[in-house]
Amino acid sequence: MTCEDMSEWISAYVDGELREAERVMVREHLHHCESCRELAKMFESLSARIESTFMDLSAPPAVEAAIMQQLGWGRQATQGLRLIWVVVCSAALMMALAVGGGLAMGVGGCWRLFRILSHMLRGANLLVIRTVFGQGWLGLAAMLLGMGMVVICVVAIGRVLRQPLDSRLSSP
Amino acid sequence: MLQLDDNHLRQIQAAKAGNREAFAQLVRSYKDFVYRTAYAILHDGAEAEDVVQESFVKAFLSLRSLRDERAFPSWISTIATRIALDIVKRRQVSWAPVSNSERLPAPSVNSDLRLDMEAALAQLSPEHRAVLVLREVQGFDYREIADILGIPIGTVRSRLHTARMQLRLRLLPPEQRGEPQ
Ligand SMILES: [Zn+2]
């Protein structure tokens with residue numbers, strides 16, 4: 001085998017990628033051939049030089065945030081999500097107040113109306129009307145509805161407050 | 001090459017289960033590793049940055065398909081190398097290679113040495129450059145390189161040899177080439 005034929009084997013030898021028999025053959029040749037020894041040394045120094053050229057290279061710091069952004073976990077995306085929750089919470093709170101207030105006013109108004117009516121009717125079926133409306137069923141329903149709304153609000157606000165934990169990801 | 005320790009393994013497992021914090025840690029640990037591959041192949045800082053981004057986004061979306069967590073370094077390298085080679089291919093089709101002065105250089109300590117090396121690497125074909133980068137910069141063995149590029153081991157060996165011989169002519173003065181007589 002000529003030295004030129006050896007060249008590719010030597011390259012693989014330097015990489016430690018030869019089988020035992022091949023390795024023995026190359027080692028034997030290197031032992032006797034000065035110029036192939038030089039070639040092997042050259043391959044080794046070339047490897048070291050390429051490695052050291054790129055080893056101190058590092059990705060720009062902004063790349064992490066850019067990846068998180070692309071995955072939709074970025075600060076902006078998180079803040080967008082928080083904004084949506086704030087809007088949902090505000091809407092729920094306003095609805096709770098409006099429904100609660102409306103019902104309270106409605107029930108109060110009805111009760112007063114029936115009292116006036118019953119006063120006018122003087123005794124006629126007064127007992128029935130009082131039994132139905134005197135329990136305050138509607139007031140109770142309004143209260144339950146209002147409480148439900150409040151529970152929804154508390155849960156939603158809780159979620160808003162948990163958001164900052166996730167947003168830590170996007171900070172560099 | 002980057003050693004895969006138990007800590008990394010746990011992060012990969014957690015990221016696979018959808019844990020964002022774990023995935024962010026993985027990005028932090030492997031971004032330079034991926035960037036070097038991309039930069040050495042593309043010789044352009046901005047494009048290398050794009051490759052890093054695209055590789056990790058792709059990696060997260062297909063992390064479930066990674067059966068063996070230990071294969072993560074070669075898996076992410078496969079993704080990055082293919083994206084980088086695609087960019088090289090697109091470059092060749094759409095326009096002439098960007099001149100060196102237009103490229104965004106990577107910030108560097110020993111920039112003279114690097115510029116020589118980059119100029120020499122730029123003369124190689126993308127296929128030869130990719131093999132050389134995977135071997136010398138990333139430290140993969142022939143089997144891994146063959147799997148990453150989807151070529152036979154014998155081709156890895158011959159390409160690596162050709163790349164080294166070409167680089168030798170461009171980088172080293174005649175007395176350091178180890179020229180066979
Ligand atoms: Zn020889």
# chains A, B, ... in the order shown; residues from 1 in each chain; ligands from 1

call {"tool": "residues_near_ligand", "arguments": {"ligand": "ligand 1", "cutoff": "7 Å", "atoms": "only C-alpha atoms and all ligand atoms", "output": "MDAnalysis selection string"}}
result
(chainID A and resid 2:3 6 29:30 33:36) or (chainID B and resid 180)

call {"tool": "write_last_selection", "arguments": {"atoms": "all heavy atoms", "output": "short mmCIF file (atom, residue, chain, number, x, y, z; two decimals), in the first residue's frame"}}
result
data_model
loop_
_atom_site.label_atom_id
_atom_site.label_comp_id
_atom_site.auth_asym_id
_atom_site.auth_seq_id
_atom_site.Cartn_x
_atom_site.Cartn_y
_atom_site.Cartn_z
N THR A 2 0.59 2.17 -0.91
CA THR A 2 1.41 3.39 -0.98
C THR A 2 0.98 4.37 0.11
O THR A 2 -0.08 4.21 0.72
CB THR A 2 1.22 4.09 -2.33
OG1 THR A 2 -0.12 4.58 -2.39
CG2 THR A 2 1.46 3.14 -3.50
N CYS A 3 1.84 5.41 0.28
CA CYS A 3 1.53 6.41 1.31
C CYS A 3 0.24 7.15 0.96
O CYS A 3 -0.53 7.53 1.85
CB CYS A 3 2.68 7.40 1.44
SG CYS A 3 4.13 6.64 2.19
N MET A 6 -2.60 5.28 2.07
CA MET A 6 -2.65 5.27 3.53
C MET A 6 -3.40 6.47 4.09
O MET A 6 -3.97 6.40 5.18
CB MET A 6 -1.22 5.34 4.10
CG MET A 6 -0.49 4.03 4.34
SD MET A 6 -1.52 2.72 4.83
CE MET A 6 -1.15 2.60 6.52
N HIS A 29 2.78 0.99 9.71
CA HIS A 29 3.26 1.86 8.63
C HIS A 29 3.86 3.16 9.20
O HIS A 29 4.93 3.60 8.78
CB HIS A 29 2.13 2.19 7.65
CG HIS A 29 2.57 3.05 6.50
ND1 HIS A 29 2.99 2.54 5.28
CD2 HIS A 29 2.71 4.40 6.39
CE1 HIS A 29 3.34 3.53 4.48
NE2 HIS A 29 3.16 4.68 5.13
N LEU A 30 3.16 3.74 10.17
CA LEU A 30 3.63 5.00 10.77
C LEU A 30 5.01 4.81 11.41
O LEU A 30 5.85 5.71 11.39
CB LEU A 30 2.63 5.50 11.82
CG LEU A 30 1.30 6.04 11.29
CD1 LEU A 30 0.41 6.47 12.45
CD2 LEU A 30 1.51 7.23 10.35
N CYS A 33 7.39 5.06 8.45
CA CYS A 33 7.29 6.12 7.44
C CYS A 33 7.24 7.49 8.08
O CYS A 33 6.23 7.86 8.70
CB CYS A 33 6.07 5.87 6.55
SG CYS A 33 5.89 7.10 5.26
N GLU A 34 8.29 8.24 7.88
CA GLU A 34 8.41 9.59 8.45
C GLU A 34 7.33 10.53 7.91
O GLU A 34 6.66 11.25 8.66
CB GLU A 34 9.82 10.11 8.13
CG GLU A 34 10.02 11.62 8.29
CD GLU A 34 10.18 12.01 9.76
OE1 GLU A 34 10.63 11.16 10.54
OE2 GLU A 34 9.84 13.15 10.09
N SER A 35 7.09 10.52 6.60
CA SER A 35 6.16 11.49 6.01
C SER A 35 4.71 11.22 6.44
O SER A 35 3.93 12.15 6.64
CB SER A 35 6.28 11.51 4.48
OG SER A 35 5.81 10.30 3.95
N CYS A 36 4.36 9.95 6.64
CA CYS A 36 2.99 9.65 7.12
C CYS A 36 2.83 10.04 8.59
O CYS A 36 1.75 10.42 9.02
CB CYS A 36 2.65 8.17 6.91
SG CYS A 36 2.21 7.84 5.18
N PRO B 180 3.03 13.92 1.84
CA PRO B 180 3.71 12.65 1.55
C PRO B 180 4.65 12.84 0.37
O PRO B 180 4.29 13.50 -0.58
CB PRO B 180 2.56 11.70 1.17
CG PRO B 180 1.29 12.43 1.42
CD PRO B 180 1.62 13.89 1.48
#

call {"tool": "interface_residues", "arguments": {"of": "chain A", "to": "chain B", "cutoff": "9 Å", "atoms": "only C-alpha atoms", "output": "JSON list (two decimals) with N, CA, C and O atoms, in the first residue's frame"}}
result
[["chain", "number", "residue", "atom", "x", "y", "z"],
["A", 3, "CYS", "N", 1.84, 5.41, 0.28],
["A", 3, "CYS", "CA", 1.53, 6.41, 1.31],
["A", 3, "CYS", "C", 0.24, 7.15, 0.96],
["A", 3, "CYS", "O", -0.53, 7.53, 1.85],
["A", 4, "GLU", "N", 0.00, 7.35, -0.31],
["A", 4, "GLU", "CA", -1.20, 8.07, -0.72],
["A", 4, "GLU", "C", -2.46, 7.26, -0.36],
["A", 4, "GLU", "O", -3.46, 7.81, 0.09],
["A", 7, "SER", "N", -3.35, 7.57, 3.36],
["A", 7, "SER", "CA", -3.83, 8.86, 3.87],
["A", 7, "SER", "C", -5.22, 8.80, 4.54],
["A", 7, "SER", "O", -5.40, 9.28, 5.66],
["A", 8, "GLU", "N", -6.19, 8.18, 3.85],
["A", 8, "GLU", "CA", -7.54, 8.12, 4.43],
["A", 8, "GLU", "C", -7.57, 7.26, 5.69],
["A", 8, "GLU", "O", -8.29, 7.57, 6.64],
["A", 9, "TRP", "N", -6.79, 6.19, 5.70],
["A", 9, "TRP", "CA", -6.72, 5.33, 6.89],
["A", 9, "TRP", "C", -6.15, 6.12, 8.06],
["A", 9, "TRP", "O", -6.58, 5.96, 9.20],
["A", 10, "ILE", "N", -5.13, 6.94, 7.75],
["A", 10, "ILE", "CA", -4.49, 7.71, 8.83],
["A", 10, "ILE", "C", -5.48, 8.71, 9.43],
["A", 10, "ILE", "O", -5.54, 8.89, 10.65],
["A", 11, "SER", "N", -6.27, 9.34, 8.55],
["A", 11, "SER", "CA", -7.30, 10.27, 9.03],
["A", 11, "SER", "C", -8.26, 9.57, 9.98],
["A", 11, "SER", "O", -8.60, 10.10, 11.05],
["A", 12, "ALA", "N", -8.69, 8.36, 9.63],
["A", 12, "ALA", "CA", -9.61, 7.60, 10.49],
["A", 12, "ALA", "C", -8.88, 7.09, 11.74],
["A", 12, "ALA", "O", -9.47, 6.99, 12.82],
["A", 15, "ASP", "N", -8.82, 9.64, 14.34],
["A", 15, "ASP", "CA", -10.14, 9.75, 14.97],
["A", 15, "ASP", "C", -10.48, 8.56, 15.85],
["A", 15, "ASP", "O", -11.54, 8.52, 16.47],
["A", 16, "GLY", "N", -9.61, 7.54, 15.86],
["A", 16, "GLY", "CA", -9.89, 6.33, 16.64],
["A", 16, "GLY", "C", -11.06, 5.55, 16.06],
["A", 16, "GLY", "O", -11.86, 4.97, 16.79],
["A", 17, "GLU", "N", -11.17, 5.54, 14.73],
["A", 17, "GLU", "CA", -12.33, 4.91, 14.09],
["A", 17, "GLU", "C", -11.95, 3.69, 13.26],
["A", 17, "GLU", "O", -12.67, 3.31, 12.35],
["A", 34, "GLU", "N", 8.29, 8.24, 7.88],
["A", 34, "GLU", "CA", 8.41, 9.59, 8.45],
["A", 34, "GLU", "C", 7.33, 10.53, 7.91],
["A", 34, "GLU", "O", 6.66, 11.25, 8.66],
["A", 35, "SER", "N", 7.09, 10.52, 6.60],
["A", 35, "SER", "CA", 6.16, 11.49, 6.01],
["A", 35, "SER", "C", 4.71, 11.22, 6.44],
["A", 35, "SER", "O", 3.93, 12.15, 6.64],
["A", 36, "CYS", "N", 4.36, 9.95, 6.64],
["A", 36, "CYS", "CA", 2.99, 9.65, 7.12],
["A", 36, "CYS", "C", 2.83, 10.04, 8.59],
["A", 36, "CYS", "O", 1.75, 10.42, 9.02],
["A", 37, "ARG", "N", 3.93, 9.95, 9.33],
["A", 37, "ARG", "CA", 3.88, 10.43, 10.73],
["A", 37, "ARG", "C", 3.59, 11.93, 10.75],
["A", 37, "ARG", "O", 2.81, 12.42, 11.57],
["A", 38, "GLU", "N", 4.24, 12.65, 9.83],
["A", 38, "GLU", "CA", 4.00, 14.09, 9.72],
["A", 38, "GLU", "C", 2.53, 14.37, 9.37],
["A", 38, "GLU", "O", 1.91, 15.28, 9.91],
["A", 39, "LEU", "N", 2.01, 13.55, 8.47],
["A", 39, "LEU", "CA", 0.61, 13.71, 8.04],
["A", 39, "LEU", "C", -0.33, 13.50, 9.24],
["A", 39, "LEU", "O", -1.27, 14.27, 9.46],
["A", 40, "ALA", "N", -0.05, 12.44, 10.02],
["A", 40, "ALA", "CA", -0.88, 12.16, 11.20],
["A", 40, "ALA", "C", -0.84, 13.32, 12.17],
["A", 40, "ALA", "O", -1.87, 13.75, 12.71],
["A", 41, "LYS", "N", 0.35, 13.88, 12.36],
["A", 41, "LYS", "CA", 0.51, 15.02, 13.26],
["A", 41, "LYS", "C", -0.29, 16.22, 12.74],
["A", 41, "LYS", "O", -0.91, 16.96, 13.50],
["A", 42, "MET", "N", -0.24, 16.40, 11.41],
["A", 42, "MET", "CA", -0.96, 17.51, 10.78],
["A", 42, "MET", "C", -2.46, 17.36, 11.02],
["A", 42, "MET", "O", -3.14, 18.33, 11.38],
["A", 43, "PHE", "N", -2.99, 16.13, 10.83],
["A", 43, "PHE", "CA", -4.43, 15.90, 11.05],
["A", 43, "PHE", "C", -4.80, 16.26, 12.48],
["A", 43, "PHE", "O", -5.83, 16.90, 12.75],
["A", 46, "LEU", "N", -4.71, 20.03, 13.03],
["A", 46, "LEU", "CA", -5.83, 20.65, 12.31],
["A", 46, "LEU", "C", -7.12, 20.50, 13.13],
["A", 46, "LEU", "O", -7.89, 21.45, 13.29],
["A", 47, "SER", "N", -7.33, 19.29, 13.67],
["A", 47, "SER", "CA", -8.52, 19.05, 14.51],
["A", 47, "SER", "C", -8.55, 20.01, 15.69],
["A", 47, "SER", "O", -9.57, 20.64, 15.97],
["A", 48, "ALA", "N", -7.40, 20.11, 16.36],
["A", 48, "ALA", "CA", -7.32, 20.98, 17.54],
["A", 48, "ALA", "C", -7.61, 22.42, 17.14],
["A", 48, "ALA", "O", -8.30, 23.15, 17.86],
["A", 49, "ARG", "N", -7.11, 22.81, 15.97],
["A", 49, "ARG", "CA", -7.28, 24.20, 15.54],
["A", 49, "ARG", "C", -8.76, 24.49, 15.20],
["A", 49, "ARG", "O", -9.28, 25.55, 15.57],
["A", 50, "ILE", "N", -9.40, 23.56, 14.53],
["A", 50, "ILE", "CA", -10.82, 23.78, 14.20],
["A", 50, "ILE", "C", -11.63, 23.88, 15.48],
["A", 50, "ILE", "O", -12.46, 24.76, 15.66],
["A", 51, "GLU", "N", -11.34, 22.94, 16.39],
["A", 51, "GLU", "CA", -12.11, 22.93, 17.63],
["A", 51, "GLU", "C", -11.95, 24.24, 18.38],
["A", 51, "GLU", "O", -12.94, 24.87, 18.80],
["A", 52, "SER", "N", -10.69, 24.70, 18.51],
["A", 52, "SER", "CA", -10.46, 25.91, 19.30],
["A", 52, "SER", "C", -11.03, 27.15, 18.59],
["A", 52, "SER", "O", -11.38, 28.13, 19.24],
["A", 53, "THR", "N", -11.13, 27.09, 17.27],
["A", 53, "THR", "CA", -11.68, 28.23, 16.53],
["A", 53, "THR", "C", -13.13, 28.48, 16.93],
["A", 53, "THR", "O", -13.56, 29.62, 17.06],
["A", 54, "PHE", "N", -13.88, 27.39, 17.15],
["A", 54, "PHE", "CA", -15.32, 27.57, 17.37],
["A", 54, "PHE", "C", -15.74, 27.42, 18.83],
["A", 54, "PHE", "O", -16.87, 27.72, 19.18],
["A", 55, "MET", "N", -14.80, 26.94, 19.66],
["A", 55, "MET", "CA", -15.21, 26.63, 21.03],
["A", 55, "MET", "C", -15.64, 27.85, 21.84],
["A", 55, "MET", "O", -16.49, 27.75, 22.72],
["A", 56, "ASP", "N", -15.03, 29.01, 21.55],
["A", 56, "ASP", "CA", -15.40, 30.19, 22.35],
["A", 56, "ASP", "C", -16.58, 30.95, 21.75],
["A", 56, "ASP", "O", -16.93, 32.03, 22.18],
["A", 57, "LEU", "N", -17.19, 30.32, 20.75],
["A", 57, "LEU", "CA", -18.33, 30.96, 20.09],
["A", 57, "LEU", "C", -19.60, 30.66, 20.90],
["A", 57, "LEU", "O", -19.83, 29.52, 21.27],
["A", 58, "SER", "N", -20.38, 31.71, 21.19],
["A", 58, "SER", "CA", -21.64, 31.41, 21.87],
["A", 58, "SER", "C", -22.79, 32.16, 21.21],
["A", 58, "SER", "O", -22.61, 33.21, 20.61],
["A", 59, "ALA", "N", -23.97, 31.58, 21.32],
["A", 59, "ALA", "CA", -25.16, 32.15, 20.70],
["A", 59, "ALA", "C", -25.47, 33.50, 21.34],
["A", 59, "ALA", "O", -25.23, 33.69, 22.53],
["A", 60, "PRO", "N", -26.01, 34.44, 20.57],
["A", 60, "PRO", "CA", -26.39, 35.73, 21.15],
["A", 60, "PRO", "C", -27.42, 35.52, 22.26],
["A", 60, "PRO", "O", -28.30, 34.66, 22.14],
["A", 63, "VAL", "N", -31.33, 35.02, 21.90],
["A", 63, "VAL", "CA", -31.93, 33.88, 21.22],
["A", 63, "VAL", "C", -32.91, 33.12, 22.11],
["A", 63, "VAL", "O", -33.94, 32.62, 21.65],
["A", 64, "GLU", "N", -32.61, 33.08, 23.42],
["A", 64, "GLU", "CA", -33.50, 32.34, 24.34],
["A", 64, "GLU", "C", -34.90, 32.96, 24.35],
["A", 64, "GLU", "O", -35.90, 32.27, 24.20],
["A", 66, "ALA", "N", -36.18, 34.84, 22.17],
["A", 66, "ALA", "CA", -36.81, 34.70, 20.85],
["A", 66, "ALA", "C", -37.48, 33.33, 20.70],
["A", 66, "ALA", "O", -38.56, 33.22, 20.13],
["A", 67, "ILE", "N", -36.82, 32.30, 21.24],
["A", 67, "ILE", "CA", -37.41, 30.94, 21.17],
["A", 67, "ILE", "C", -38.70, 30.88, 21.98],
["A", 67, "ILE", "O", -39.72, 30.38, 21.52],
["A", 68, "MET", "N", -38.64, 31.43, 23.21],
["A", 68, "MET", "CA", -39.82, 31.41, 24.08],
["A", 68, "MET", "C", -40.98, 32.18, 23.43],
["A", 68, "MET", "O", -42.13, 31.80, 23.51],
["A", 70, "GLN", "N", -41.42, 32.55, 20.22],
["A", 70, "GLN", "CA", -41.96, 31.78, 19.10],
["A", 70, "GLN", "C", -42.85, 30.64, 19.58],
["A", 70, "GLN", "O", -43.77, 30.24, 18.89],
["A", 71, "LEU", "N", -42.53, 30.13, 20.79],
["A", 71, "LEU", "CA", -43.36, 29.05, 21.34],
["A", 71, "LEU", "C", -44.61, 29.60, 22.02],
["A", 71, "LEU", "O", -45.42, 28.85, 22.54],
["A", 73, "TRP", "N", -44.54, 31.53, 24.70],
["A", 73, "TRP", "CA", -44.38, 31.66, 26.14],
["A", 73, "TRP", "C", -43.70, 32.96, 26.49],
["A", 73, "TRP", "O", -43.28, 33.16, 27.62],
["A", 166, "ASP", "N", -45.39, 31.80, 35.66],
["A", 166, "ASP", "CA", -45.06, 31.31, 34.34],
["A", 166, "ASP", "C", -44.21, 32.29, 33.56],
["A", 166, "ASP", "O", -43.37, 31.90, 32.78],
["A", 168, "ARG", "N", -41.85, 34.00, 34.46],
["A", 168, "ARG", "CA", -40.44, 33.96, 34.79],
["A", 168, "ARG", "C", -39.62, 33.35, 33.67],
["A", 168, "ARG", "O", -38.49, 33.70, 33.45],
["A", 169, "LEU", "N", -40.24, 32.40, 32.97],
["A", 169, "LEU", "CA", -39.59, 31.72, 31.87],
["A", 169, "LEU", "C", -39.04, 32.67, 30.83],
["A", 169, "LEU", "O", -37.99, 32.45, 30.27],
["A", 170, "SER", "N", -39.78, 33.71, 30.57],
["A", 170, "SER", "CA", -39.41, 34.56, 29.46],
["A", 170, "SER", "C", -38.33, 35.58, 29.85],
["A", 170, "SER", "O", -37.71, 36.16, 28.99]]

call {"tool": "residues_around", "arguments": {"residues": "range 148-160 of chain A", "least_positions_apart": "2", "cutoff": "7 Å", "atoms": "only C-alpha atoms", "output": "ChimeraX atom specification"}}
result
/A:82,85,89,92-93,96,144-146,162-163

call {"tool": "write_last_selection", "arguments": {"atoms": "all heavy atoms", "output": "PDB file, in the first residue's frame"}}
result
ATOM      1  N   ARG A  82     -52.656  37.681  30.531  1.00  0.00           N
ATOM      2  CA  ARG A  82     -53.072  38.340  31.776  1.00  0.00           C
ATOM      3  C   ARG A  82     -54.130  39.394  31.503  1.00  0.00           C
ATOM      4  O   ARG A  82     -55.083  39.533  32.250  1.00  0.00           O
ATOM      5  CB  ARG A  82     -51.857  38.976  32.454  1.00  0.00           C
ATOM      6  CG  ARG A  82     -50.939  37.953  33.051  1.00  0.00           C
ATOM      7  CD  ARG A  82     -49.700  38.596  33.576  1.00  0.00           C
ATOM      8  NE  ARG A  82     -49.936  39.335  34.799  1.00  0.00           N
ATOM      9  CZ  ARG A  82     -48.976  39.989  35.434  1.00  0.00           C
ATOM     10  NH1 ARG A  82     -47.774  39.997  34.953  1.00  0.00           N
ATOM     11  NH2 ARG A  82     -49.248  40.627  36.540  1.00  0.00           N
ATOM     12  N   TRP A  85     -57.446  37.883  31.115  1.00  0.00           N
ATOM     13  CA  TRP A  85     -58.024  37.506  32.412  1.00  0.00           C
ATOM     14  C   TRP A  85     -58.546  38.716  33.168  1.00  0.00           C
ATOM     15  O   TRP A  85     -59.589  38.663  33.803  1.00  0.00           O
ATOM     16  CB  TRP A  85     -57.004  36.741  33.261  1.00  0.00           C
ATOM     17  CG  TRP A  85     -57.006  35.303  32.918  1.00  0.00           C
ATOM     18  CD1 TRP A  85     -56.045  34.620  32.267  1.00  0.00           C
ATOM     19  CD2 TRP A  85     -58.053  34.357  33.185  1.00  0.00           C
ATOM     20  NE1 TRP A  85     -56.409  33.311  32.090  1.00  0.00           N
ATOM     21  CE2 TRP A  85     -57.638  33.121  32.644  1.00  0.00           C
ATOM     22  CE3 TRP A  85     -59.304  34.441  33.806  1.00  0.00           C
ATOM     23  CZ2 TRP A  85     -58.416  31.975  32.715  1.00  0.00           C
ATOM     24  CZ3 TRP A  85     -60.071  33.287  33.882  1.00  0.00           C
ATOM     25  CH2 TRP A  85     -59.630  32.084  33.337  1.00  0.00           C
ATOM     26  N   CYS A  89     -62.318  39.125  34.354  1.00  0.00           N
ATOM     27  CA  CYS A  89     -62.653  39.355  35.760  1.00  0.00           C
ATOM     28  C   CYS A  89     -63.497  40.616  35.934  1.00  0.00           C
ATOM     29  O   CYS A  89     -64.495  40.610  36.666  1.00  0.00           O
ATOM     30  CB  CYS A  89     -61.388  39.516  36.597  1.00  0.00           C
ATOM     31  SG  CYS A  89     -60.476  38.008  36.705  1.00  0.00           S
ATOM     32  N   ALA A  92     -66.971  39.998  34.737  1.00  0.00           N
ATOM     33  CA  ALA A  92     -67.741  39.157  35.658  1.00  0.00           C
ATOM     34  C   ALA A  92     -68.173  39.958  36.887  1.00  0.00           C
ATOM     35  O   ALA A  92     -69.311  39.854  37.340  1.00  0.00           O
ATOM     36  CB  ALA A  92     -66.894  37.948  36.083  1.00  0.00           C
ATOM     37  N   LEU A  93     -67.231  40.783  37.382  1.00  0.00           N
ATOM     38  CA  LEU A  93     -67.527  41.590  38.561  1.00  0.00           C
ATOM     39  C   LEU A  93     -68.664  42.572  38.277  1.00  0.00           C
ATOM     40  O   LEU A  93     -69.615  42.708  39.061  1.00  0.00           O
ATOM     41  CB  LEU A  93     -66.270  42.355  38.973  1.00  0.00           C
ATOM     42  CG  LEU A  93     -66.261  42.906  40.395  1.00  0.00           C
ATOM     43  CD1 LEU A  93     -66.246  41.764  41.393  1.00  0.00           C
ATOM     44  CD2 LEU A  93     -65.056  43.803  40.609  1.00  0.00           C
ATOM     45  N   ALA A  96     -71.901  40.746  38.060  1.00  0.00           N
ATOM     46  CA  ALA A  96     -72.377  40.367  39.391  1.00  0.00           C
ATOM     47  C   ALA A  96     -73.054  41.546  40.074  1.00  0.00           C
ATOM     48  O   ALA A  96     -74.150  41.423  40.636  1.00  0.00           O
ATOM     49  CB  ALA A  96     -71.203  39.867  40.234  1.00  0.00           C
ATOM     50  N   LEU A 144     -77.810  34.163  46.030  1.00  0.00           N
ATOM     51  CA  LEU A 144     -77.039  32.997  45.571  1.00  0.00           C
ATOM     52  C   LEU A 144     -76.321  33.300  44.261  1.00  0.00           C
ATOM     53  O   LEU A 144     -75.144  32.986  44.085  1.00  0.00           O
ATOM     54  CB  LEU A 144     -77.965  31.785  45.398  1.00  0.00           C
ATOM     55  CG  LEU A 144     -78.361  31.101  46.714  1.00  0.00           C
ATOM     56  CD1 LEU A 144     -79.365  29.973  46.435  1.00  0.00           C
ATOM     57  CD2 LEU A 144     -77.140  30.556  47.448  1.00  0.00           C
ATOM     58  N   LEU A 145     -77.065  33.943  43.351  1.00  0.00           N
ATOM     59  CA  LEU A 145     -76.485  34.286  42.052  1.00  0.00           C
ATOM     60  C   LEU A 145     -75.280  35.215  42.237  1.00  0.00           C
ATOM     61  O   LEU A 145     -74.209  35.013  41.663  1.00  0.00           O
ATOM     62  CB  LEU A 145     -77.529  34.967  41.166  1.00  0.00           C
ATOM     63  CG  LEU A 145     -77.204  34.994  39.680  1.00  0.00           C
ATOM     64  CD1 LEU A 145     -77.167  33.588  39.095  1.00  0.00           C
ATOM     65  CD2 LEU A 145     -78.234  35.858  38.936  1.00  0.00           C
ATOM     66  N   GLY A 146     -75.477  36.209  43.093  1.00  0.00           N
ATOM     67  CA  GLY A 146     -74.389  37.153  43.372  1.00  0.00           C
ATOM     68  C   GLY A 146     -73.182  36.442  43.950  1.00  0.00           C
ATOM     69  O   GLY A 146     -72.042  36.676  43.532  1.00  0.00           O
ATOM     70  N   ARG A 162     -51.508  34.013  39.570  1.00  0.00           N
ATOM     71  CA  ARG A 162     -50.559  32.912  39.324  1.00  0.00           C
ATOM     72  C   ARG A 162     -49.738  33.128  38.063  1.00  0.00           C
ATOM     73  O   ARG A 162     -48.681  32.570  37.925  1.00  0.00           O
ATOM     74  CB  ARG A 162     -51.303  31.590  39.226  1.00  0.00           C
ATOM     75  CG  ARG A 162     -51.364  30.865  40.564  1.00  0.00           C
ATOM     76  CD  ARG A 162     -51.576  29.394  40.379  1.00  0.00           C
ATOM     77  NE  ARG A 162     -52.781  29.089  39.628  1.00  0.00           N
ATOM     78  CZ  ARG A 162     -53.990  29.012  40.156  1.00  0.00           C
ATOM     79  NH1 ARG A 162     -54.148  29.201  41.440  1.00  0.00           N
ATOM     80  NH2 ARG A 162     -55.036  28.740  39.424  1.00  0.00           N
ATOM     81  N   GLN A 163     -50.237  33.913  37.141  1.00  0.00           N
ATOM     82  CA  GLN A 163     -49.547  34.133  35.867  1.00  0.00           C
ATOM     83  C   GLN A 163     -48.082  34.546  35.992  1.00  0.00           C
ATOM     84  O   GLN A 163     -47.270  34.071  35.246  1.00  0.00           O
ATOM     85  CB  GLN A 163     -50.283  35.156  35.002  1.00  0.00           C
ATOM     86  CG  GLN A 163     -51.547  34.610  34.358  1.00  0.00           C
ATOM     87  CD  GLN A 163     -51.252  33.471  33.407  1.00  0.00           C
ATOM     88  OE1 GLN A 163     -50.246  33.457  32.728  1.00  0.00           O
ATOM     89  NE2 GLN A 163     -52.136  32.495  33.375  1.00  0.00           N
TER      90      GLN A 163
END

call {"tool": "select_by_dssp", "arguments": {"residues": "range 15-157 of chain B", "states": "helix (DSSP H, G or I)", "output": "JSON, numbers by chain"}}
result
{"B": [15, 16, 20, 21, 22, 23, 24, 25, 26, 27, 28, 29, 30, 31, 32, 33, 34, 35, 36, 37, 38, 39, 40, 41, 42, 45, 46, 47, 48, 49, 50, 51, 52, 53, 54, 55, 56, 57, 58, 59, 60, 61, 63, 64, 65, 69, 70, 71, 72, 73, 74, 75, 76, 77, 78, 79, 80, 81, 82, 83, 84, 85, 86, 87, 88, 89, 90, 91, 92, 93, 94, 100, 101, 102, 111, 112, 113, 114, 115, 116, 117, 118, 119, 120, 121, 122, 126, 127, 128, 129, 130, 131, 132, 133, 134, 135, 136, 137, 142, 143, 144, 145, 146, 147, 148, 149, 153, 154, 155, 156, 157]}

call {"tool": "closest_residue", "arguments": {"among": "B:Arg82, B:His8, B:Lys16, B:His43", "to": "Gln123 in chain B", "atoms": "only C-alpha atoms"}}
result
B:His43

call {"tool": "residues_around", "arguments": {"residues": "Ala38 in chain B", "least_positions_apart": "5", "cutoff": "7 Å", "atoms": "only C-alpha atoms", "output": "PDB file with C-alpha atoms, in the first residue's frame"}}
result
ATOM      1  CA  ALA B  48     -26.925  30.779  12.598  1.00  0.00           C
ATOM      2  CA  VAL B  51     -31.139  28.092  12.890  1.00  0.00           C
ATOM      3  CA  ALA B  80     -29.905  21.963  13.306  1.00  0.00           C
ATOM      4  CA  THR B  81     -27.600  20.467  10.668  1.00  0.00           C
ATOM      5  CA  ALA B  84     -28.484  24.756   8.109  1.00  0.00           C
TER       6      ALA B  84
END
